[in-house]
Amino acid sequence: MLAYTLKRLLAGVITVWFIATATFIAMHQVPGDPLMNDKAVSAEIRKNLEQKYGLDKPVVEQYFIFLGNMLEGDFGISFTQQNRRVNDIIRDHFPVSATLGILAVFFAASGGILWGALTAIYRNRTPDIVIMFLVILGISVPSFVFAALGQLLLVNINSLLGQSVIPVAGWGTISHMLMPSLVLGLGTMALLTRLMRSSMLEIVNEDYIKTARAKGLSPMRIFFRHQLRNAILPVITVLGPQIAAITTGGFVVELVFAIPGLGRYFVQAVQQLDYTVIMGTTVFYGAFLVLMVIIVDVLYGFVDPRVRLQ
Amino acid sequence: MVDDKTHDRILEVENLSVEFSTYGGDVKAVRGVSFGVNRGETLAIVGESGCGKSVTVQSIMGIIPMPPGRITGGSARLNGMELLGLSAKESNKFRGVQIGMIFQDPMTSLNPTMTIGDQIAETLRVHRNKSYKEASALAVELLEKTHIPEAEKRAKQYPFEFSGGMLQRAMIAQSLACNPSVLIADEPTTALDVTIQAQILELMSELQRTENMSIILITHDLAVVAKMADEVAVMYAGQIVESGAVDDIFYHSSHPYTLGLKKAMPRNTGERKQKLMPIIGSPPDLFSPPTGCGYFARCPYAMKICETRQPENFPIVQDDDHHAMCWLQHEDAPVTKELHQNHASIDHAG
């Protein structure tokens, strides 16, 4: 298990290096540079700035400087936000995105497993049909629509109660977090519900369920001890990438709910060609995604003994 | 076969009928099946795929999926207690306790995410209220009983760490946990290779003697029947077409289908150019079972009456408790070449 984990970690490091390199190359292919933004600057100022940020050096050299700094854990200074270090941006804003993401994943996973199991039990009956209809909605309606609807709902609740019980936007307390994380997790919840449902239905027909019934076990015991654990395996598999996707892909929800997360910087940096912020956030998110996948793979081993020993 | 005539029936199945609702209509999978199992003896149910063997025993256990499955009639009594139509809760008092069951493919019949020991212990914990520790110790004993070496270590392993033969032993150990009086083995050796088959069958015979249990053995391997069975029921198209003691079935085959099965079996006679005789055609569509004999279309001896009228279950006069559902056993039927017939003077042994 340890050797397996280490091997996965090494592969992860290579993956992150690849992400960094690919991003670096792609970024420099985009016409323009960070200094070409709004105001036209004189050639002299531009030259000074290029010197300051090291943009006058050949791209290959810039790449190695970047790699060297990255290994030391330093992503440099932002071009657009004066004197703000990229590390500080990540440090200040990633915890917000992560909290939102973890909460969203929690909603998505618990909801997905619950609804999925429920639809499998009530297969082709009313609860199944209703939930599966909602699942289609959850998958196909984009999150900003749900975000707006969620806010509308909160406004109505608050005005009905005559006071602001749950804040409509902003960040800070648990009550701030509930609606955005629910909205953010909705798509994944729908996805996991479908996965869980098909997984459950597949397992109902497995021979070992027949064995369990022939052993004279109660339906509840068969459900919890024999079906659920085996049905959850495929759900755990997709959970890793989903965690990363939720945490990194939350910028729309962050925008609507005015949450100071990292997602906004991630998107803005690309628009402004803020080289250091692009590299910093992309590599950071890439490393985060890789780490999540590894954690889930290791976790998988605990649920499925067949993976553990290979 | 034990020749004492006091039939000590432990399980008595009468007129069992099972249907399955499908998009295409109702499949009459089992059509009025009756048989009995004597205490400490083995009943073999033979027949080709899809003839209703498995559905019959799974209906008795109450583990066919309902819906779409539906038991439309009949009864199954274990020591006089009716098993059919019980609630799930009542069924669980005999399932795994008085009747144990093992299946065709041991590779898929055990939960892949639970240790072998835990799965065996689970039966004991549920039915015998044992603590986890007691049940686990008993599970190891059960594994030893089925001759699994290093049982203590093996009990902590998962199904994927076992070979097929070992898994079937573990399945047997699991089904024996509560000392059942009947063991249902649904093609227990079909998925195993020949040498392992023999070992598993030997183990079953041994445990049958030591535990004094009855076995219902489902198979389509006549060699297995000859080795294991005391009594045989030959099933075809959802019915039992011939039943009786194993020697009577083999040496006085009284139904053309039994004869066909025998001819389709390879023989170790030493002849090099030995041809197997398959039974031509396929079984009837059980969506709309034929009004006459189900075997009519494939039977080399078919007569006019066979097409329109369901044959009676004729007793074979010469033998004890030997029946065949075939018009050729009627006193007016013509004498045939190979079939054992009631009224024919010559005995076509073999």
# chains A, B, ... in the order shown; residues from 1 in each chain; ligands from 1

call {"tool": "residues_around", "arguments": {"residues": "stretch 20-30 of chain A", "least_positions_apart": "2", "cutoff": "6 Å", "atoms": "only C-alpha atoms", "output": "NGL selection string"}}
result
:A and (17-18 or 283)

call {"tool": "interface_residues", "arguments": {"of": "chain A", "to": "chain B", "cutoff": "6 Å", "atoms": "only C-alpha atoms", "output": "PyMOL selection string"}}
result
chain A and resi 207-208+214-216+304

call {"tool": "residues_around", "arguments": {"residues": "stretch 25-35 of chain B", "least_positions_apart": "4", "cutoff": "10 Å", "atoms": "only C-alpha atoms", "output": "JSON, numbers by chain"}}
result
{"B": [9, 11, 12, 13, 14, 15, 16, 17, 18, 19, 20, 21, 43, 45, 50, 51, 52, 53, 54, 55, 56, 59, 68, 69, 70, 71, 72, 73, 74, 75, 76, 232, 233, 235, 236, 237, 238, 239, 240, 241, 243, 244, 285, 286, 287, 288, 289]}

call {"tool": "closest_residue", "arguments": {"among": "B:Val335, B:Ser214, B:Gly80, B:Arg298", "to": "B:Asn179", "atoms": "only C-alpha atoms"}}
result
B:Ser214

call {"tool": "residues_around", "arguments": {"residues": "A:Ser143", "least_positions_apart": "5", "cutoff": "12 Å", "atoms": "only C-alpha atoms", "output": "NGL selection string"}}
result
:A and (137-138 or 148-150 or 179-188 or 246 or 249-257)

call {"tool": "write_last_selection", "arguments": {"atoms": "N, CA and C atoms", "output": "mmCIF file, in the first residue's frame"}}
result
data_model
loop_
_atom_site.group_PDB
_atom_site.id
_atom_site.type_symbol
_atom_site.label_atom_id
_atom_site.label_comp_id
_atom_site.auth_asym_id
_atom_site.auth_seq_id
_atom_site.Cartn_x
_atom_site.Cartn_y
_atom_site.Cartn_z
ATOM 1 N N LEU A 137 -32.886 17.751 -14.709
ATOM 2 C CA LEU A 137 -32.815 19.201 -14.513
ATOM 3 C C LEU A 137 -31.451 19.593 -13.949
ATOM 4 N N GLY A 138 -31.030 18.878 -12.910
ATOM 5 C CA GLY A 138 -29.778 19.189 -12.226
ATOM 6 C C GLY A 138 -28.584 19.110 -13.148
ATOM 7 N N ALA A 148 -29.167 32.041 -9.168
ATOM 8 C CA ALA A 148 -30.136 33.136 -9.130
ATOM 9 C C ALA A 148 -31.434 32.691 -8.462
ATOM 10 N N LEU A 149 -31.889 31.486 -8.829
ATOM 11 C CA LEU A 149 -33.119 30.968 -8.226
ATOM 12 C C LEU A 149 -32.951 30.786 -6.721
ATOM 13 N N GLY A 150 -31.747 30.324 -6.332
ATOM 14 C CA GLY A 150 -31.463 30.138 -4.908
ATOM 15 C C GLY A 150 -31.527 31.452 -4.165
ATOM 16 N N MET A 179 -26.415 28.038 0.907
ATOM 17 C CA MET A 179 -27.021 28.092 -0.425
ATOM 18 C C MET A 179 -25.989 27.976 -1.550
ATOM 19 N N PRO A 180 -24.884 28.747 -1.506
ATOM 20 C CA PRO A 180 -23.923 28.587 -2.608
ATOM 21 C C PRO A 180 -23.351 27.179 -2.727
ATOM 22 N N SER A 181 -23.072 26.515 -1.607
ATOM 23 C CA SER A 181 -22.496 25.175 -1.715
ATOM 24 C C SER A 181 -23.534 24.191 -2.252
ATOM 25 N N LEU A 182 -24.779 24.388 -1.853
ATOM 26 C CA LEU A 182 -25.841 23.520 -2.369
ATOM 27 C C LEU A 182 -25.957 23.694 -3.889
ATOM 28 N N VAL A 183 -25.956 24.942 -4.320
ATOM 29 C CA VAL A 183 -26.059 25.233 -5.753
ATOM 30 C C VAL A 183 -24.860 24.654 -6.498
ATOM 31 N N LEU A 184 -23.686 24.854 -5.891
ATOM 32 C CA LEU A 184 -22.458 24.382 -6.531
ATOM 33 C C LEU A 184 -22.440 22.856 -6.639
ATOM 34 N N GLY A 185 -22.999 22.175 -5.637
ATOM 35 C CA GLY A 185 -22.953 20.710 -5.631
ATOM 36 C C GLY A 185 -24.066 20.053 -6.420
ATOM 37 N N LEU A 186 -25.034 20.855 -6.858
ATOM 38 C CA LEU A 186 -26.243 20.295 -7.464
ATOM 39 C C LEU A 186 -25.955 19.432 -8.699
ATOM 40 N N GLY A 187 -25.119 19.940 -9.585
ATOM 41 C CA GLY A 187 -24.811 19.200 -10.809
ATOM 42 C C GLY A 187 -24.161 17.865 -10.504
ATOM 43 N N THR A 188 -23.185 17.914 -9.606
ATOM 44 C CA THR A 188 -22.498 16.688 -9.221
ATOM 45 C C THR A 188 -23.449 15.731 -8.510
ATOM 46 N N ILE A 246 -15.339 20.735 -8.682
ATOM 47 C CA ILE A 246 -16.209 21.622 -7.906
ATOM 48 C C ILE A 246 -15.397 22.757 -7.310
ATOM 49 N N GLY A 249 -14.058 24.893 -10.199
ATOM 50 C CA GLY A 249 -15.049 25.394 -11.146
ATOM 51 C C GLY A 249 -16.123 26.236 -10.509
ATOM 52 N N GLY A 250 -15.864 26.696 -9.291
ATOM 53 C CA GLY A 250 -16.920 27.390 -8.576
ATOM 54 C C GLY A 250 -17.006 28.874 -8.860
ATOM 55 N N PHE A 251 -16.218 29.374 -9.848
ATOM 56 C CA PHE A 251 -16.134 30.831 -9.947
ATOM 57 C C PHE A 251 -17.450 31.497 -10.342
ATOM 58 N N VAL A 252 -18.298 30.791 -11.111
ATOM 59 C CA VAL A 252 -19.592 31.371 -11.473
ATOM 60 C C VAL A 252 -20.437 31.572 -10.221
ATOM 61 N N VAL A 253 -20.488 30.521 -9.406
ATOM 62 C CA VAL A 253 -21.260 30.610 -8.166
ATOM 63 C C VAL A 253 -20.637 31.652 -7.244
ATOM 64 N N GLU A 254 -19.296 31.698 -7.202
ATOM 65 C CA GLU A 254 -18.613 32.686 -6.364
ATOM 66 C C GLU A 254 -18.983 34.109 -6.799
ATOM 67 N N LEU A 255 -19.081 34.291 -8.104
ATOM 68 C CA LEU A 255 -19.411 35.601 -8.649
ATOM 69 C C LEU A 255 -20.828 36.015 -8.255
ATOM 70 N N VAL A 256 -21.784 35.089 -8.470
ATOM 71 C CA VAL A 256 -23.186 35.404 -8.198
ATOM 72 C C VAL A 256 -23.391 35.700 -6.712
ATOM 73 N N PHE A 257 -22.744 34.918 -5.854
ATOM 74 C CA PHE A 257 -22.964 35.093 -4.424
ATOM 75 C C PHE A 257 -21.943 36.048 -3.792
#

call {"tool": "closest_residue", "arguments": {"among": "B:Cys306, B:Glu41, B:Thr22, B:Ser136", "to": "B:Met66", "atoms": "only C-alpha atoms"}}
result
B:Thr22

call {"tool": "atom_distance", "arguments": {"atom1": "atom CA of A:Arg225", "atom2": "atom CA of A:Asn205"}}
result
15.5 Å

call {"tool": "atom_distance", "arguments": {"atom1": "atom CA of B:Lys275", "atom2": "atom CA of B:Cys293"}}
result
27.9 Å

call {"tool": "closest_atom_pairs", "arguments": {"of": "stretch 258-346 of chain B", "to": "stretch 218-226 of chain B", "cutoff": "9 Å", "atoms": "only C-alpha atoms", "output": "CSV"}}
result
residue,atom,partner,partner_atom,distance
B:Leu261,CA,B:Leu222,CA,8.1
B:Lys262,CA,B:Leu222,CA,7.5
B:Met265,CA,B:Leu222,CA,7.4

call {"tool": "residues_around", "arguments": {"residues": "A:Tyr300", "least_positions_apart": "3", "cutoff": "8 Å", "atoms": "only C-alpha atoms", "output": "CSV table (one decimal) with C-alpha atoms, in the first residue's frame"}}
result
chain,number,residue,atom,x,y,z
A,233,LEU,CA,-17.3,1.9,-5.5
A,236,ILE,CA,-15.9,7.0,-5.1
A,237,THR,CA,-14.0,6.6,-8.4
A,296,VAL,CA,-9.4,8.9,-3.8
A,297,ASP,CA,-7.4,6.0,-5.3
A,303,VAL,CA,-13.4,0.0,0.4
A,304,ASP,CA,-12.4,-2.6,-2.1
A,307,VAL,CA,-7.4,-2.9,-5.1

call {"tool": "atom_distance", "arguments": {"atom1": "atom CA of B:Ala245", "atom2": "atom CA of B:Leu84"}}
result
26.5 Å
